[in-house]
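All remarks here apply to the structure that follows.
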2 protein chains.
Amino acid sequence: VDYQHVQVPFEITLWIMLASLAKIGFHLYNKLPSVVPESCLLIFVGLIMGGIIYGLNDKSPPVMDSDIFFLYLLPPIVLDAGYFMPSRPFFENIGTILLYAVVGTIWNVFGIGFSLYGICQVKAFHLQDVSLLHNLLFGSLIAAVDPVAVLAVFEEIHVNEKLHILVFGESLLNDAVTVVLYKLFRSFCEMPTIKTVDIFAGVGKFFVVGLGGVLVGLIFGMTAAFTTRFTKDIRVIEPLFVFLYSYLSYLTAEMFHLSGIVAIIACAMGMKRYVEANISLKSHTTVKYFMKMWSSVSDTLIFIFLGVSTIGENHEWNWPYICFTVIFCLIWRALGVLVLTFFVNRFHVNTITGKDQFIIAYGGLRGAICFSLVFLLPDFHRKKLFIAATTVVILFTVFIQGMTIRPLVDLLAVKRKRESAPTVGEQIHIRFLDHLLAGIEDISGHWGQYYWKDKLEYFNSKYLQKILLREYDQPKSSIVLLYEKLERKHAIELAEAGQLGHAPSHPSLLCSCFLSSNKKTVIMDKTLEDTLNTDVLENIQEILARNLYRIRRTGPAYNRHTLPGETEPVEHAKEILILRHRSL
Amino acid sequence: VDYQHVQVPFEITLWIMLASLAKIGFHLYNKLPSVVPESCLLIFVGLIMGGIIYGLNDKSPPVMDSDIFFLYLLPPIVLDAGYFMPSRPFFENIGTILLYAVVGTIWNVFGIGFSLYGICQVKAFHLQDVSLLHNLLFGSLIAAVDPVAVLAVFEEIHVNEKLHILVFGESLLNDAVTVVLYKLFRSFCEMPTIKTVDIFAGVGKFFVVGLGGVLVGLIFGMTAAFTTRFTKDIRVIEPLFVFLYSYLSYLTAEMFHLSGIVAIIACAMGMKRYVEANISLKSHTTVKYFMKMWSSVSDTLIFIFLGVSTIGENHEWNWPYICFTVIFCLIWRALGVLVLTFFVNRFHVNTITGKDQFIIAYGGLRGAICFSLVFLLPDFHRKKLFIAATTVVILFTVFIQGMTIRPLVDLLAVKRKRESAPTVGEQIHIRFLDHLLAGIEDISGHWGQYYWKDKLEYFNSKYLQKILLREYDQPKSSIVLLYEKLERKHAIELAEAGQLGHAPSHPSLLCSCFLSSNKKTVIMDKTLEDTLNTDVLENIQEILARNLYRIRRTGPAYNRHTLPGETEPVEHAKEILILRHRSL
């Protein structure tokens, strides 16, 4: 037996296999996942595995390598999150999200850091040798909410769209802040004296790290879109480019000490629209499917490794410090959310309710990012204490908070996600209002959200599309595309129901139904023609048209492990059949 | 800039990116790939890259690591080859393929080894220090036809099915022989004396290595099929199992010094049927698409690396030895094919023509496997000579033979692959004849090919399907499945042509058309009922039914880089439309 030779790929494959089999195992017993989140079960599997390894070898099981985590396990999850990010709620709440991610995280870091320093002054706890800087460094790594843990829990509890995007968006974008603060404090720890200049340089870095990440991401995203213009003859490698470019954006950002997470999200969100238009339908299915698969496996591996790494002798169990860490994490986050939301609510009509605030504060789960960061700390005599505290915080948030959040959501009757996709009429009206508001903003000279959106759309159709899309010379009208798509689905449904032969098909009725709703809009547009000029009108029509095409896509697409469209067909078929019967 | 940190994944991603971009580049100029095979172009790109690296660094560019090749680049290609292997021609010609692969390869190894040893005795060439054993060792690595190189060239020249499977099958299955002979001679080189026992042990090893590989492959294939029984609730990780299990079969076989290539092919061919039935349609698309993509990228990388590794100072240019190697490779292969085919033709009705023999001999391309093996040789003073000779043989076969084989196929008017898929009628008759022959074999007591096939089919439906398939309790009749599939395609075609609304659809006509052909078979069966018992009849019906389902799948599925089904829809649509018009 020559095990040495194949060891590396063999063990990697076995770990992935274990993760996949564990997933299958949970789903065989349907009751289990409905009570306990999958992340908890996976950590539990990891704990058992770790215990076995520990028992057999009589030494600590291997700890998850930070490099492996940051270079190989995290990117697929973030890519998946970015690619399937619901862009409308994200951009609508971008201000609030940034406030939570930047100000909130800083608040938490300093709050936790200073209050832990206070605890260290209590002589009975024997912690006087932990300096303020070390406490702040610890605060910077423990304060950040973890996107992987948040996704794993929130995708199962189905809260409303806005609440979901607030917690999830914060967990993604706080990466820039965490990276800066963590590196800042770590370099301060190694410096003999700290000058005021260094502190100001640190503040400046926020913008460089965050905006630099966005820039790197967009550059790679646009290049990816541009590349897929030329893949018409070799469809088979199209999916590759989506993965390669987004991974390159992540690595490049990491290389320049920018925020890799922000870069990959910008890349995915930037390229999605153009890539989708360029690549074939089968390529797109493959891209979506593989992204889901990959992120699902990464996610599983991360939680199992978390469990395995917990076992062992890397910990220093100073209970006062650990307990106060957990308490401070909870208190400072709750306070931060309260204060920030107070300001947010003053400037918004659509306020964040008290219940929502509670879920935002309670949903601040910690996960594998903290864990990897604490192992990356330079060696000093209290590192094992920090590792122990981090482990307990992660287990506390994932197990206690993760398992109780669903009952709490039920108990508080937090507004849930609407189960049904918004109707065509609703969507048309939303988009129409958007456009009206853009016009009003334009006339009143207020450069608000809608104004910029409109301008971006104009820039996109005028320049970007022509460069990045293959068939820019003859882009099919989106309404025609939607009609074709619905027709195709309708036909399949009919064929599968065996009705294609017996009942005469009347897609023309269906068609007329959609066209009439379209006609109405055209009439609405006509009445507006007096007040708005033709350019804006064309714009409205275009956006309405694009929107019509997107309707079916913005369905209940939040669960990370099911593909949008998987459950749709049945609903669609129903809708189509109802429409048909009605018109008959 | 922290390049160190991201170096490994960054450079891997960049290499893959380069390979993919090179592929796009070739396809932008349509004329180029029609004259020069892609493999040549890629080696050329590699040579240029190698030259640049050599020029800039002033030292030899890095050589392709044998471990990387055998552990990461080769498996995806072999998996793809095994999964899309046309099983009927393969099993029909298995005897001939094995004869070429086993006896032919041994013939080549000893032929080349001994004649090169003869050359070494010529004093003028200064080669007296190369021993017979070293020459045989060199022969064992240079004799093996390379599946990657063969696939890359043969998929572009579209020779007939039988010729293709003979060359390609040989190149895959000779792996077992190559592995054994190579390891045998290498260990002989290190032994002080060689006993007769060792030689017999070597002969015994053939069977262990080959059959062991098949066994390992089948075990993993069956496990994979069994696992996919339980993935109904988490469709998203289904494709993963196909890749994981086949990779594990390869690694396990390598670990036990068995033939990994044989194992992965057995695994892929074994699981395909059951996995396809268990997983969802989208998962299956993803599996197929990703397999194609992966093998295509691996293939590209291998040829580029081959080019890069050629540049440098690893060579000892003893031209007599190198030239005679090329000549002997050609001569011994031609002789081997002639002699073996003589015996094969004596026992077969469907003989291999002279033209076919020429193409089989001429299509014996060498590639990356030889190249990796020669670098794996233990260090001795003439290793650089062997490397030089191997490089020249590879470049000669890939460039000269690869580029001239297409004109030669045209010139000789070698029978081409039929462009159209066989008709339903044809397939029914072929399968019917198979069954008749099985019956005749059974009655006459001759246990031939058809008899065993029939038994295997019986075993499969009686036991294997019940264990491995999810819906074994209610397997839909295959004719129903085919009908549904055609209906679906038909409906889509109609919808896309915009005819769903205007023309009344008449799938019932289409249906009756297929059912009538089915009815005919039933009538045929009725007339047979007197001569055959009911068991056999049921068997016939079952096989006919299964076959009906498979018809569309056994289309022109040889080109490795297009997915079966990509070009089909148009033909199908045409056929369906013609049928419809005719029946109207």
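In the structure tokens, chains take letters A, B, ... by order of appearance, with residues numbered from 1 within each chain and ligands from 1 in the order shown.
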Inset, instruction - May I have the residues within 8 Å of Gly336 of chain A as a PyMOL selection string, using only C-alpha atoms and disregarding those fewer than 2 positions away in the same chain? - result: chain A and resi 104+107-108+332-334+338-340
Go ahead and write the selection's residues with all heavy atoms as an mmCIF file, in the first residue's frame.
data_model
loop_
_atom_site.group_PDB
_atom_site.id
_atom_site.type_symbol
_atom_site.label_atom_id
_atom_site.label_comp_id
_atom_site.auth_asym_id
_atom_site.auth_seq_id
_atom_site.Cartn_x
_atom_site.Cartn_y
_atom_site.Cartn_z
ATOM 1 N N GLY A 104 -21.489 50.263 13.674
ATOM 2 C CA GLY A 104 -21.870 49.232 14.636
ATOM 3 C C GLY A 104 -20.688 48.359 15.019
ATOM 4 O O GLY A 104 -20.477 48.059 16.197
ATOM 5 N N TRP A 107 -18.212 50.278 17.161
ATOM 6 C CA TRP A 107 -18.846 50.394 18.493
ATOM 7 C C TRP A 107 -18.648 49.108 19.291
ATOM 8 O O TRP A 107 -18.228 49.130 20.441
ATOM 9 C CB TRP A 107 -20.329 50.694 18.268
ATOM 10 C CG TRP A 107 -21.237 50.497 19.434
ATOM 11 C CD1 TRP A 107 -21.673 49.303 19.936
ATOM 12 C CD2 TRP A 107 -21.837 51.514 20.237
ATOM 13 N NE1 TRP A 107 -22.513 49.507 20.988
ATOM 14 C CE2 TRP A 107 -22.636 50.862 21.210
ATOM 15 C CE3 TRP A 107 -21.794 52.910 20.240
ATOM 16 C CZ2 TRP A 107 -23.379 51.557 22.158
ATOM 17 C CZ3 TRP A 107 -22.544 53.590 21.183
ATOM 18 C CH2 TRP A 107 -23.313 52.931 22.130
ATOM 19 N N ASN A 108 -18.923 47.989 18.665
ATOM 20 C CA ASN A 108 -18.785 46.708 19.356
ATOM 21 C C ASN A 108 -17.333 46.426 19.739
ATOM 22 O O ASN A 108 -17.049 45.985 20.846
ATOM 23 C CB ASN A 108 -19.289 45.573 18.461
ATOM 24 C CG ASN A 108 -20.782 45.396 18.566
ATOM 25 O OD1 ASN A 108 -21.329 45.320 19.659
ATOM 26 N ND2 ASN A 108 -21.454 45.364 17.438
ATOM 27 N N TRP A 332 -23.330 44.787 24.218
ATOM 28 C CA TRP A 332 -22.884 45.860 23.333
ATOM 29 C C TRP A 332 -23.573 45.798 21.986
ATOM 30 O O TRP A 332 -23.881 46.825 21.388
ATOM 31 C CB TRP A 332 -21.359 45.828 23.168
ATOM 32 C CG TRP A 332 -20.662 46.399 24.358
ATOM 33 C CD1 TRP A 332 -20.024 45.708 25.331
ATOM 34 C CD2 TRP A 332 -20.568 47.773 24.716
ATOM 35 N NE1 TRP A 332 -19.529 46.549 26.286
ATOM 36 C CE2 TRP A 332 -19.843 47.832 25.929
ATOM 37 C CE3 TRP A 332 -21.028 48.964 24.147
ATOM 38 C CZ2 TRP A 332 -19.571 49.038 26.575
ATOM 39 C CZ3 TRP A 332 -20.741 50.160 24.782
ATOM 40 C CH2 TRP A 332 -20.025 50.194 25.979
ATOM 41 N N ARG A 333 -23.844 44.592 21.515
ATOM 42 C CA ARG A 333 -24.563 44.500 20.245
ATOM 43 C C ARG A 333 -25.986 45.037 20.389
ATOM 44 O O ARG A 333 -26.449 45.816 19.555
ATOM 45 C CB ARG A 333 -24.606 43.048 19.753
ATOM 46 C CG ARG A 333 -25.303 42.963 18.413
ATOM 47 C CD ARG A 333 -25.068 41.686 17.667
ATOM 48 N NE ARG A 333 -25.917 41.696 16.480
ATOM 49 C CZ ARG A 333 -25.582 42.267 15.345
ATOM 50 N NH1 ARG A 333 -24.428 42.866 15.211
ATOM 51 N NH2 ARG A 333 -26.423 42.259 14.320
ATOM 52 N N ALA A 334 -26.651 44.657 21.494
ATOM 53 C CA ALA A 334 -28.022 45.136 21.707
ATOM 54 C C ALA A 334 -28.040 46.656 21.796
ATOM 55 O O ALA A 334 -28.844 47.329 21.127
ATOM 56 C CB ALA A 334 -28.586 44.517 22.982
ATOM 57 N N LEU A 338 -29.802 49.332 19.179
ATOM 58 C CA LEU A 338 -30.796 50.300 19.670
ATOM 59 C C LEU A 338 -30.449 51.722 19.256
ATOM 60 O O LEU A 338 -31.268 52.440 18.679
ATOM 61 C CB LEU A 338 -30.863 50.226 21.196
ATOM 62 C CG LEU A 338 -31.884 49.250 21.784
ATOM 63 C CD1 LEU A 338 -31.837 49.308 23.301
ATOM 64 C CD2 LEU A 338 -33.289 49.599 21.277
ATOM 65 N N VAL A 339 -29.204 52.115 19.539
ATOM 66 C CA VAL A 339 -28.791 53.494 19.273
ATOM 67 C C VAL A 339 -28.801 53.781 17.777
ATOM 68 O O VAL A 339 -29.361 54.789 17.323
ATOM 69 C CB VAL A 339 -27.382 53.741 19.858
ATOM 70 C CG1 VAL A 339 -26.857 55.108 19.429
ATOM 71 C CG2 VAL A 339 -27.410 53.621 21.368
ATOM 72 N N LEU A 340 -28.194 52.876 16.998
ATOM 73 C CA LEU A 340 -28.102 53.126 15.555
ATOM 74 C C LEU A 340 -29.491 53.155 14.929
ATOM 75 O O LEU A 340 -29.780 53.993 14.080
ATOM 76 C CB LEU A 340 -27.245 52.045 14.896
ATOM 77 C CG LEU A 340 -25.756 52.124 15.209
ATOM 78 C CD1 LEU A 340 -25.016 50.966 14.565
ATOM 79 C CD2 LEU A 340 -25.172 53.446 14.727
#
Legend entry - Distance in Å - atom CA of His429 of chain A versus atom CA of His348 of chain A: 21.3 Å
Inset, instruction - Using only C-alpha atoms, determine which residues lie at most 12 Å from His381 of chain B, disregarding the query and same-chain residues fewer than 2 positions distant; provide the list as a ChimeraX atom specification. - result: /B:127,129-131,134,315-316,377-379,383-387
Store the residues picked out above, limited to all heavy atoms, as a short mmCIF file (atom, residue, chain, number, x, y, z; two decimals), in the first residue's frame.
data_model
loop_
_atom_site.label_atom_id
_atom_site.label_comp_id
_atom_site.auth_asym_id
_atom_site.auth_seq_id
_atom_site.Cartn_x
_atom_site.Cartn_y
_atom_site.Cartn_z
N LEU B 127 26.82 4.33 -27.28
CA LEU B 127 25.67 4.03 -26.41
C LEU B 127 25.86 2.70 -25.69
O LEU B 127 24.90 2.15 -25.16
CB LEU B 127 24.39 3.97 -27.23
CG LEU B 127 23.85 5.30 -27.76
CD1 LEU B 127 22.92 5.07 -28.91
CD2 LEU B 127 23.17 6.07 -26.65
N ASP B 129 26.87 1.84 -22.97
CA ASP B 129 26.60 1.74 -21.53
C ASP B 129 25.12 1.63 -21.20
O ASP B 129 24.76 1.50 -20.03
CB ASP B 129 27.21 2.95 -20.80
CG ASP B 129 26.72 4.25 -21.39
OD1 ASP B 129 26.36 4.26 -22.59
OD2 ASP B 129 26.69 5.26 -20.66
N VAL B 130 24.26 1.70 -22.22
CA VAL B 130 22.83 1.54 -21.93
C VAL B 130 22.51 0.05 -21.94
O VAL B 130 22.60 -0.60 -22.98
CB VAL B 130 21.98 2.29 -22.97
CG1 VAL B 130 20.51 2.20 -22.59
CG2 VAL B 130 22.41 3.73 -23.09
N SER B 131 22.12 -0.47 -20.78
CA SER B 131 21.93 -1.92 -20.67
C SER B 131 20.61 -2.35 -21.31
O SER B 131 19.76 -1.52 -21.63
CB SER B 131 21.93 -2.33 -19.20
OG SER B 131 20.75 -1.85 -18.60
N HIS B 134 17.65 -1.33 -19.14
CA HIS B 134 17.28 0.08 -19.30
C HIS B 134 16.53 0.30 -20.60
O HIS B 134 15.57 1.09 -20.67
CB HIS B 134 18.52 0.97 -19.24
CG HIS B 134 18.92 1.30 -17.84
ND1 HIS B 134 20.18 1.09 -17.34
CD2 HIS B 134 18.21 1.81 -16.81
CE1 HIS B 134 20.23 1.45 -16.08
NE2 HIS B 134 19.04 1.90 -15.73
N HIS B 315 17.80 17.69 -21.64
CA HIS B 315 17.91 16.72 -22.72
C HIS B 315 19.37 16.40 -23.08
O HIS B 315 20.22 17.26 -23.01
CB HIS B 315 17.20 17.25 -23.97
CG HIS B 315 15.82 17.74 -23.66
ND1 HIS B 315 14.78 16.89 -23.40
CD2 HIS B 315 15.31 18.99 -23.55
CE1 HIS B 315 13.69 17.59 -23.15
NE2 HIS B 315 13.99 18.87 -23.23
N GLU B 316 19.54 15.13 -23.48
CA GLU B 316 20.84 14.75 -24.05
C GLU B 316 20.58 14.35 -25.49
O GLU B 316 19.88 13.37 -25.75
CB GLU B 316 21.42 13.56 -23.26
CG GLU B 316 22.78 13.12 -23.78
CD GLU B 316 23.17 11.76 -23.22
OE1 GLU B 316 22.73 11.39 -22.12
OE2 GLU B 316 23.94 11.06 -23.92
N LEU B 377 11.48 8.21 -13.68
CA LEU B 377 12.56 7.23 -13.67
C LEU B 377 13.55 7.54 -12.56
O LEU B 377 13.77 8.71 -12.24
CB LEU B 377 13.31 7.27 -15.01
CG LEU B 377 12.66 6.59 -16.21
CD1 LEU B 377 13.56 6.74 -17.42
CD2 LEU B 377 12.42 5.12 -15.93
N PRO B 378 14.13 6.50 -11.95
CA PRO B 378 15.19 6.77 -10.97
C PRO B 378 16.37 7.43 -11.67
O PRO B 378 16.60 7.21 -12.87
CB PRO B 378 15.55 5.37 -10.46
CG PRO B 378 15.12 4.44 -11.52
CD PRO B 378 13.91 5.06 -12.15
N ASP B 379 17.08 8.27 -10.96
CA ASP B 379 18.22 8.98 -11.56
C ASP B 379 19.31 8.01 -11.98
O ASP B 379 19.79 7.22 -11.18
CB ASP B 379 18.79 9.99 -10.55
CG ASP B 379 18.04 11.29 -10.63
OD1 ASP B 379 17.65 11.68 -11.76
OD2 ASP B 379 17.84 11.92 -9.58
N LYS B 383 19.45 9.26 -18.08
CA LYS B 383 18.04 9.66 -17.98
C LYS B 383 17.72 10.78 -18.96
O LYS B 383 16.65 10.81 -19.58
CB LYS B 383 17.75 10.10 -16.54
CG LYS B 383 16.27 10.34 -16.27
CD LYS B 383 16.01 10.66 -14.81
CE LYS B 383 14.58 11.15 -14.60
NZ LYS B 383 14.31 11.54 -13.23
N LYS B 384 18.67 11.71 -19.12
CA LYS B 384 18.41 12.85 -20.01
C LYS B 384 18.26 12.42 -21.47
O LYS B 384 17.55 13.07 -22.24
CB LYS B 384 19.53 13.88 -19.88
CG LYS B 384 19.46 14.65 -18.58
CD LYS B 384 20.36 15.86 -18.58
CE LYS B 384 20.09 16.71 -17.36
NZ LYS B 384 20.95 17.90 -17.33
N LEU B 385 18.93 11.32 -21.82
CA LEU B 385 18.78 10.79 -23.18
C LEU B 385 17.36 10.27 -23.37
O LEU B 385 16.71 10.55 -24.39
CB LEU B 385 19.78 9.65 -23.39
CG LEU B 385 19.63 8.86 -24.69
CD1 LEU B 385 19.89 9.76 -25.89
CD2 LEU B 385 20.56 7.66 -24.71
N PHE B 386 16.88 9.54 -22.37
CA PHE B 386 15.51 9.01 -22.44
C PHE B 386 14.50 10.14 -22.51
O PHE B 386 13.51 10.07 -23.25
CB PHE B 386 15.21 8.11 -21.23
CG PHE B 386 15.90 6.78 -21.29
CD1 PHE B 386 15.79 5.88 -20.24
CD2 PHE B 386 16.65 6.42 -22.40
CE1 PHE B 386 16.41 4.65 -20.29
CE2 PHE B 386 17.28 5.18 -22.45
CZ PHE B 386 17.18 4.30 -21.40
N ILE B 387 14.74 11.20 -21.71
CA ILE B 387 13.82 12.34 -21.73
C ILE B 387 13.79 12.96 -23.12
O ILE B 387 12.72 13.25 -23.67
CB ILE B 387 14.23 13.39 -20.67
CG1 ILE B 387 14.02 12.83 -19.26
CG2 ILE B 387 13.41 14.67 -20.84
CD1 ILE B 387 14.50 13.75 -18.16
#
Legend entry - Distance query segment 319-327 of chain B at most 10 Å, only C-alpha atoms, self and fewer than 2 positions along chain excluded, as number ranges by chain: B: 112-113, 115-117, 119-120, 124-127, 138-139, 142, 316-317, 329-332, 385-394, 396-397
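Relative to atom CA of Ser246 of chain B, atom CA of Leu218 of chain B is found at 9.8 Å.
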Legend entry - Surrounding residues of segment 155-168 of chain B excluding itself and chain neighbours under 4 positions, 10 Å, only C-alpha atoms, as a VMD selection string: chain B and resid 33 to 34 37 to 38 81 85 to 87 89 to 94 96 to 98 100 to 101 145 to 151 172 to 173 352 356 to 357 359 to 365 405 to 407 409 to 410 413 to 419 556 558 to 561
Inset, instruction - Can you work out which one of A:Tyr83, A:Phe220, A:Phe206, A:Phe256 has the shortest atom-to-atom distance to chain B, counting only C-alpha atoms? - result: A:Phe256
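The gap separating atom CA of Pro62 of chain A from atom CA of Glu313 of chain A is 11.0 Å, in Å to one decimal.
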Legend entry - Selected residue of minimal separation from chain B among A:Val122, A:Val398, A:Ile443, A:Val236, counting only C-alpha atoms: A:Val236
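Proximity to Phe305 of chain B was assessed for B:Ile12, B:Leu335, B:Leu411, B:Leu47 counting only C-alpha atoms; the smallest distance is recorded for B:Leu47.
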Inset, instruction - Extract the full set of alpha helix (DSSP H) residues from segment 129-375 of chain A according to DSSP on the backbone, and format it as a VMD selection string. - result: chain A and resid 132 to 142 147 to 157 161 to 190 196 to 227 238 to 255 260 to 278 281 to 310 319 to 346 354 to 362 368 to 375
Legend entry - Close residues, Leu468 of chain A itself excluded, 10 Å, only C-alpha atoms, min 5 positions apart in chain, as a ChimeraX atom specification: /A:222-229,271,274-275,277-278,460,463
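With only C-alpha atoms as the atoms that count, the residue of B:Gly312, B:Gly448, B:Gly270, B:Pro192 with the shortest distance to Leu464 of chain B is B:Gly270.
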